Amino acid sequence: MKPAAGTVSIVGAGLAGTLLAIVLARRGLRVEVFERRGDPRVRGAERGRSINLALAARGLRALERAGVAARIAPLLMPMRGRFVHPHEGAGSLLPYGQDAAEVIHSVSRAALGRALVEAAAAEPGVALHFGEHCVGVDLARDALLFGDARHVRRRVPLVPTIATDGAGSAVRAALAAAGALQVREEMLAHDYRELTIPASLAGSLERNALHIWPRGSFMLIALPNTDGSFTATLFLAREGSPSFAELGDDAAIREFFRREFPSALPLLPQLTADFRAVQGHLGTVYCDPWNVGGKVLLLGDAAHAIVPFHGQGMNCAFEDVAVLDSLCDAHADPAELFAAFAQARRPDTDAIAQMALENYLEMRDSVLDPAFQRRKLLAARLEREFPGRFIPRYSMVMFHPEIGYAEALRRGAVQEGILADLDAGHGDARALIEARLPPLSGPRGARA
């Protein structure tokens with residue numbers, strides 16, 4: 001898509017939408033961005049629904065491509081690994097990667113969102129419109145409809161439009177209602193609530209780590225902030241036992257934390273007050289097609305929302321932006337561009353959706369399993385010994401953006417088989433790897 005295409009509309013000024021606006025404006029396009037919420041530069045963060053984000057190599061590479069990485073850098077807190085807190089006894093740090101360069105960065109969703117809005121607003125070709133609620137798409141009349149549940153206040157021409165309005169996308173819902181696409185939402189039986197560990201009480205926590213209190217069917221996590229505080233999140237079933245449904249009053253909440261998270265309870269002075277905030281839901285969105293009539297494209301969570309347990313929702317959306325940008329030179333026509341993007345991207349987004357669900361089980365349960373810990377150590381040793389062939393799946397996803405999600409899923413399955421055989425005492429590592437795991441070609445064989 002080139003300047004001859006004229007104006008592009010983006011519905012949704014979240015993280016993906018603002019980054020997309022920046023890269024398209026720098027291509028000489030006029031970009032109109034519509035956002036239903038107010039301007040984050042003049043309003044507070046939406047409390048209770050933020051979940052600190054984990055920025056990894058894929059997201060960083062997309063920010064660098066857009067020329068905004070330096071603006072984002074002061075917002076980041078590096079995390080070297082998972083600090084696992086068992087129910088009893090001292091915790092331990094499980095490093096994410098092989099060296100100091102392999103870190104993941106904790107970042108506040110609100111702070112990152114403001115920074116990207118500011119960067120987009122600084123682009124001469126970008127116009128940001130806040131308080132504009134998209135309530136429909138009129139494909140027959142080529143119009144986006146804005147207003148509220150009762151009234152359509154105005155219509156905007158349906159120039160090439162890209163919907164980045166999140167997991168609850170109004171554009172996707174309107175297209176589905178019109179029969180233009182099929183959508184399936186698979187909700188997780190677990191919800192979340194966000195909690196706060198103030199800086200004054202966080203001194204006992206390792207600063208550069210993601211903290212996990214795994215408890216089998218549920219877990220508490222905490223990510224560091226630049227001000228010394230931690231943002232904690234409880235993931236727990238909605239119904240049953242234990243569940244959020246059982247925690248109906250302050251006494252039940254405190255007793256639950258005393259019983260399940262005794263080391264965390266003293267760090268949460270606002271526990272019961274935080275519990276009164278919004279209880280967030282989690283799910284995976286499957287949608288087909290992403291591009292409708294060459295006029296509308298769904299991107300990011302609007303097309304393929306995933307659960308947050310691999311820290312890849314934002315990274316995947318940012319990578320969407322980078323992939324679309326990389327295809328623009330070869331596809332001047334928006335319809336061709338949208339089709340090429342959907343074809344290129346879907347295998348990878350399907351793969352990360354699967355891996356995100358699998359990683360939830362790992363985080364809340366497997367990290368305490370001696371067999372899991374044994375194989376993690378073995379995987380790290382094999383990566384050192386066979387760097388051009390064996391890279392743990394987690395590392396491929398988090399630290400090797402040159403390896404697509406689908407390839408990481410495929411190679412990861414092969415590697416799990418190798419680890420299982422070696423852990424059981426069957427075979428020789430070199431022979432198994434050379435027989436089953438072809439070398440990574442080009443830059444994929446190099447250390448990230």
# chains A, B, ... in the order shown; residues from 1 in each chain; ligands from 1
$ residues_around --residues "His151 of chain A" --least-positions-apart "6" --cutoff "12 Å" --atoms "only C-alpha atoms" --output "VMD selection string"
chain A and resid 133 to 136 145
$ residues_around --residues "segment 210-213 of chain A" --least-positions-apart "3" --cutoff "7 Å" --atoms "only C-alpha atoms" --output "list in words"
Met79, Gly81, Arg82, Phe83, Val84, His85, Pro86, Met219, Leu220, Ile221, Ala222 and Leu223 of chain A
$ atom_distance --atom1 "atom CA of Arg411 of chain A" --atom2 "atom CA of Arg393 of chain A"
7.4 Å
$ select_by_dssp --residues "segment 13-93 of chain A" --states "helix (DSSP H, G or I)" --output "list in words"
Leu15, Ala16, Gly17, Thr18, Leu19, Leu20, Ala21, Ile22, Val23, Leu24, Ala25, Ala57, Arg58, Gly59, Leu60, Arg61, Ala62, Leu63, Glu64, Arg65, Ala69, Ala70, Arg71, Ile72, Ala73, Pro74 and Leu75 of chain A
$ atom_distance --atom1 "atom CA of Pro74 of chain A" --atom2 "atom CA of Gln98 of chain A"
24.5 Å
$ select_by_dssp --residues "segment 47-139 of chain A" --states "strand (DSSP E or B)" --output "ChimeraX atom specification"
/A:53-55,77-79,81-84,92-95,104-107,126-130,134-138
$ closest_residue --among "A:Asp39, A:Val156, A:Gly125, A:Thr164" --to "Val11 of chain A" --atoms "only C-alpha atoms"
A:Thr164
$ residues_around --residues "segment 170-175 of chain A" --least-positions-apart "2" --cutoff "8 Å" --atoms "only C-alpha atoms" --output "JSON, numbers by chain"
{"A": [11, 134, 135, 136, 137, 163, 165, 168, 177, 178, 179, 180, 181, 298, 302, 303]}
$ closest_residue --among "A:Arg436, A:His400, A:Arg207, A:Arg258" --to "Pro78 of chain A" --atoms "only C-alpha atoms"
A:Arg207
$ residues_around --residues "Leu236 of chain A" --least-positions-apart "4" --cutoff "6 Å" --atoms "only C-alpha atoms" --output "JSON, numbers by chain"
{"A": [190, 191, 218, 243]}
$ write_last_selection --atoms "N, CA and C atoms" --output "short mmCIF file (atom, residue, chain, number, x, y, z; two decimals), in the first residue's frame"
data_model
loop_
_atom_site.label_atom_id
_atom_site.label_comp_id
_atom_site.auth_asym_id
_atom_site.auth_seq_id
_atom_site.Cartn_x
_atom_site.Cartn_y
_atom_site.Cartn_z
N HIS A 190 -11.01 -19.44 33.64
CA HIS A 190 -10.33 -18.67 34.67
C HIS A 190 -10.42 -17.17 34.34
N ASP A 191 -10.60 -16.35 35.37
CA ASP A 191 -10.58 -14.90 35.25
C ASP A 191 -9.35 -14.35 35.97
N PHE A 218 -4.33 -22.76 39.79
CA PHE A 218 -4.40 -21.29 39.80
C PHE A 218 -3.02 -20.76 40.14
N SER A 243 -12.27 -20.77 43.74
CA SER A 243 -12.71 -19.90 42.65
C SER A 243 -12.99 -18.50 43.17
#
$ residues_around --residues "Ala342 of chain A" --least-positions-apart "6" --cutoff "8 Å" --atoms "only C-alpha atoms" --output "list in words"
Pro289, Trp290 and Asn291 of chain A
$ residues_around --residues "Gly240 of chain A" --least-positions-apart "5" --cutoff "12 Å" --atoms "only C-alpha atoms" --output "list in words"
Ala189, His190, Ser217, Ala245, Glu246 and Leu247 of chain A
$ atom_distance --atom1 "atom CA of Arg80 of chain A" --atom2 "atom CA of Glu206 of chain A"
9.9 Å
$ closest_residue --among "A:Glu64, A:Asp227, A:Asp142, A:Asp99" --to "Met77 of chain A" --atoms "only C-alpha atoms"
A:Asp227
$ closest_residue --among "A:Arg37, A:Arg193, A:Arg71, A:Glu88" --to "Phe261 of chain A" --atoms "only C-alpha atoms"
A:Glu88
$ closest_residue --among "A:Leu432, A:Gly311, A:Asp423, A:Thr196" --to "Leu265 of chain A" --atoms "only C-alpha atoms"
A:Thr196
$ decode --residues "segment 180-278 of chain A" --atoms "C-alpha atoms" --output "mmCIF file, in the first residue's frame"
data_model
loop_
_atom_site.group_PDB
_atom_site.id
_atom_site.type_symbol
_atom_site.label_atom_id
_atom_site.label_comp_id
_atom_site.auth_asym_id
_atom_site.auth_seq_id
_atom_site.Cartn_x
_atom_site.Cartn_y
_atom_site.Cartn_z
ATOM 1 C CA ALA A 180 -19.208 -11.220 6.268
ATOM 2 C CA LEU A 181 -17.058 -13.404 8.539
ATOM 3 C CA GLN A 182 -17.232 -16.188 11.103
ATOM 4 C CA VAL A 183 -15.934 -15.744 14.620
ATOM 5 C CA ARG A 184 -15.472 -18.145 17.513
ATOM 6 C CA GLU A 185 -14.508 -17.082 21.017
ATOM 7 C CA GLU A 186 -13.247 -19.762 23.404
ATOM 8 C CA MET A 187 -13.359 -18.300 26.880
ATOM 9 C CA LEU A 188 -11.065 -19.627 29.566
ATOM 10 C CA ALA A 189 -12.761 -20.859 32.726
ATOM 11 C CA HIS A 190 -10.329 -18.669 34.666
ATOM 12 C CA ASP A 191 -10.583 -14.899 35.255
ATOM 13 C CA TYR A 192 -8.118 -12.439 36.740
ATOM 14 C CA ARG A 193 -7.927 -9.599 39.231
ATOM 15 C CA GLU A 194 -5.115 -7.090 39.420
ATOM 16 C CA LEU A 195 -3.418 -6.309 42.734
ATOM 17 C CA THR A 196 -0.689 -3.902 43.871
ATOM 18 C CA ILE A 197 2.549 -4.499 45.768
ATOM 19 C CA PRO A 198 3.762 -1.005 46.775
ATOM 20 C CA ALA A 199 7.414 -0.094 46.431
ATOM 21 C CA SER A 200 7.698 0.352 50.206
ATOM 22 C CA LEU A 201 6.990 -3.380 50.728
ATOM 23 C CA ALA A 202 8.665 -4.835 47.652
ATOM 24 C CA GLY A 203 12.220 -4.874 48.976
ATOM 25 C CA SER A 204 12.202 -8.636 49.558
ATOM 26 C CA LEU A 205 11.361 -9.384 45.922
ATOM 27 C CA GLU A 206 13.979 -9.832 43.220
ATOM 28 C CA ARG A 207 13.586 -6.674 41.122
ATOM 29 C CA ASN A 208 14.500 -8.095 37.723
ATOM 30 C CA ALA A 209 12.221 -11.097 37.656
ATOM 31 C CA LEU A 210 8.674 -12.178 36.973
ATOM 32 C CA HIS A 211 7.442 -13.682 40.229
ATOM 33 C CA ILE A 212 5.123 -16.687 40.195
ATOM 34 C CA TRP A 213 3.287 -18.361 43.064
ATOM 35 C CA PRO A 214 2.106 -21.519 41.221
ATOM 36 C CA ARG A 215 -0.613 -23.538 42.878
ATOM 37 C CA GLY A 216 -1.633 -26.182 40.368
ATOM 38 C CA SER A 217 -5.039 -24.999 39.145
ATOM 39 C CA PHE A 218 -4.396 -21.295 39.799
ATOM 40 C CA MET A 219 -1.540 -18.858 40.330
ATOM 41 C CA LEU A 220 -0.453 -15.404 41.400
ATOM 42 C CA ILE A 221 2.140 -13.488 39.398
ATOM 43 C CA ALA A 222 3.888 -10.144 39.919
ATOM 44 C CA LEU A 223 5.759 -7.991 37.415
ATOM 45 C CA PRO A 224 8.087 -5.113 38.368
ATOM 46 C CA ASN A 225 7.429 -1.445 37.632
ATOM 47 C CA THR A 226 9.995 1.311 37.165
ATOM 48 C CA ASP A 227 8.862 3.036 40.388
ATOM 49 C CA GLY A 228 9.816 0.015 42.517
ATOM 50 C CA SER A 229 6.315 -1.359 42.882
ATOM 51 C CA PHE A 230 4.988 -4.616 41.411
ATOM 52 C CA THR A 231 1.740 -5.228 39.581
ATOM 53 C CA ALA A 232 0.361 -8.561 40.745
ATOM 54 C CA THR A 233 -2.370 -10.584 39.063
ATOM 55 C CA LEU A 234 -4.369 -13.484 40.470
ATOM 56 C CA PHE A 235 -5.585 -16.025 37.892
ATOM 57 C CA LEU A 236 -8.324 -18.218 39.327
ATOM 58 C CA ALA A 237 -11.391 -20.157 38.185
ATOM 59 C CA ARG A 238 -14.660 -18.213 38.042
ATOM 60 C CA GLU A 239 -16.706 -21.034 39.593
ATOM 61 C CA GLY A 240 -16.086 -24.169 41.630
ATOM 62 C CA SER A 241 -13.520 -24.607 44.356
ATOM 63 C CA PRO A 242 -11.256 -22.770 44.668
ATOM 64 C CA SER A 243 -12.714 -19.897 42.652
ATOM 65 C CA PHE A 244 -13.525 -16.215 42.606
ATOM 66 C CA ALA A 245 -17.133 -17.163 43.359
ATOM 67 C CA GLU A 246 -16.015 -18.306 46.833
ATOM 68 C CA LEU A 247 -14.275 -15.019 47.626
ATOM 69 C CA GLY A 248 -17.348 -12.916 48.268
ATOM 70 C CA ASP A 249 -16.205 -10.911 51.299
ATOM 71 C CA ASP A 250 -13.029 -9.481 52.806
ATOM 72 C CA ALA A 251 -12.638 -12.284 55.330
ATOM 73 C CA ALA A 252 -12.787 -14.977 52.640
ATOM 74 C CA ILE A 253 -10.281 -13.107 50.485
ATOM 75 C CA ARG A 254 -7.759 -12.719 53.291
ATOM 76 C CA GLU A 255 -8.153 -16.305 54.426
ATOM 77 C CA PHE A 256 -7.598 -17.554 50.886
ATOM 78 C CA PHE A 257 -4.349 -15.580 50.575
ATOM 79 C CA ARG A 258 -3.216 -16.581 54.062
ATOM 80 C CA ARG A 259 -3.704 -20.222 53.138
ATOM 81 C CA GLU A 260 -2.417 -20.216 49.546
ATOM 82 C CA PHE A 261 0.033 -17.301 49.324
ATOM 83 C CA PRO A 262 1.390 -16.733 52.837
ATOM 84 C CA SER A 263 4.604 -15.108 51.579
ATOM 85 C CA ALA A 264 2.691 -12.694 49.342
ATOM 86 C CA LEU A 265 -0.024 -11.620 51.788
ATOM 87 C CA PRO A 266 2.186 -9.175 53.780
ATOM 88 C CA LEU A 267 3.085 -7.467 50.500
ATOM 89 C CA LEU A 268 -0.544 -6.671 49.595
ATOM 90 C CA PRO A 269 -1.863 -3.981 51.973
ATOM 91 C CA GLN A 270 -4.608 -3.006 49.477
ATOM 92 C CA LEU A 271 -5.686 -6.588 48.879
ATOM 93 C CA THR A 272 -9.387 -6.340 49.667
ATOM 94 C CA ALA A 273 -9.747 -2.904 48.083
ATOM 95 C CA ASP A 274 -8.052 -4.127 44.902
ATOM 96 C CA PHE A 275 -10.453 -7.065 44.824
ATOM 97 C CA ARG A 276 -13.378 -4.679 44.377
ATOM 98 C CA ALA A 277 -12.026 -3.587 40.988
ATOM 99 C CA VAL A 278 -13.029 -5.168 37.699
#
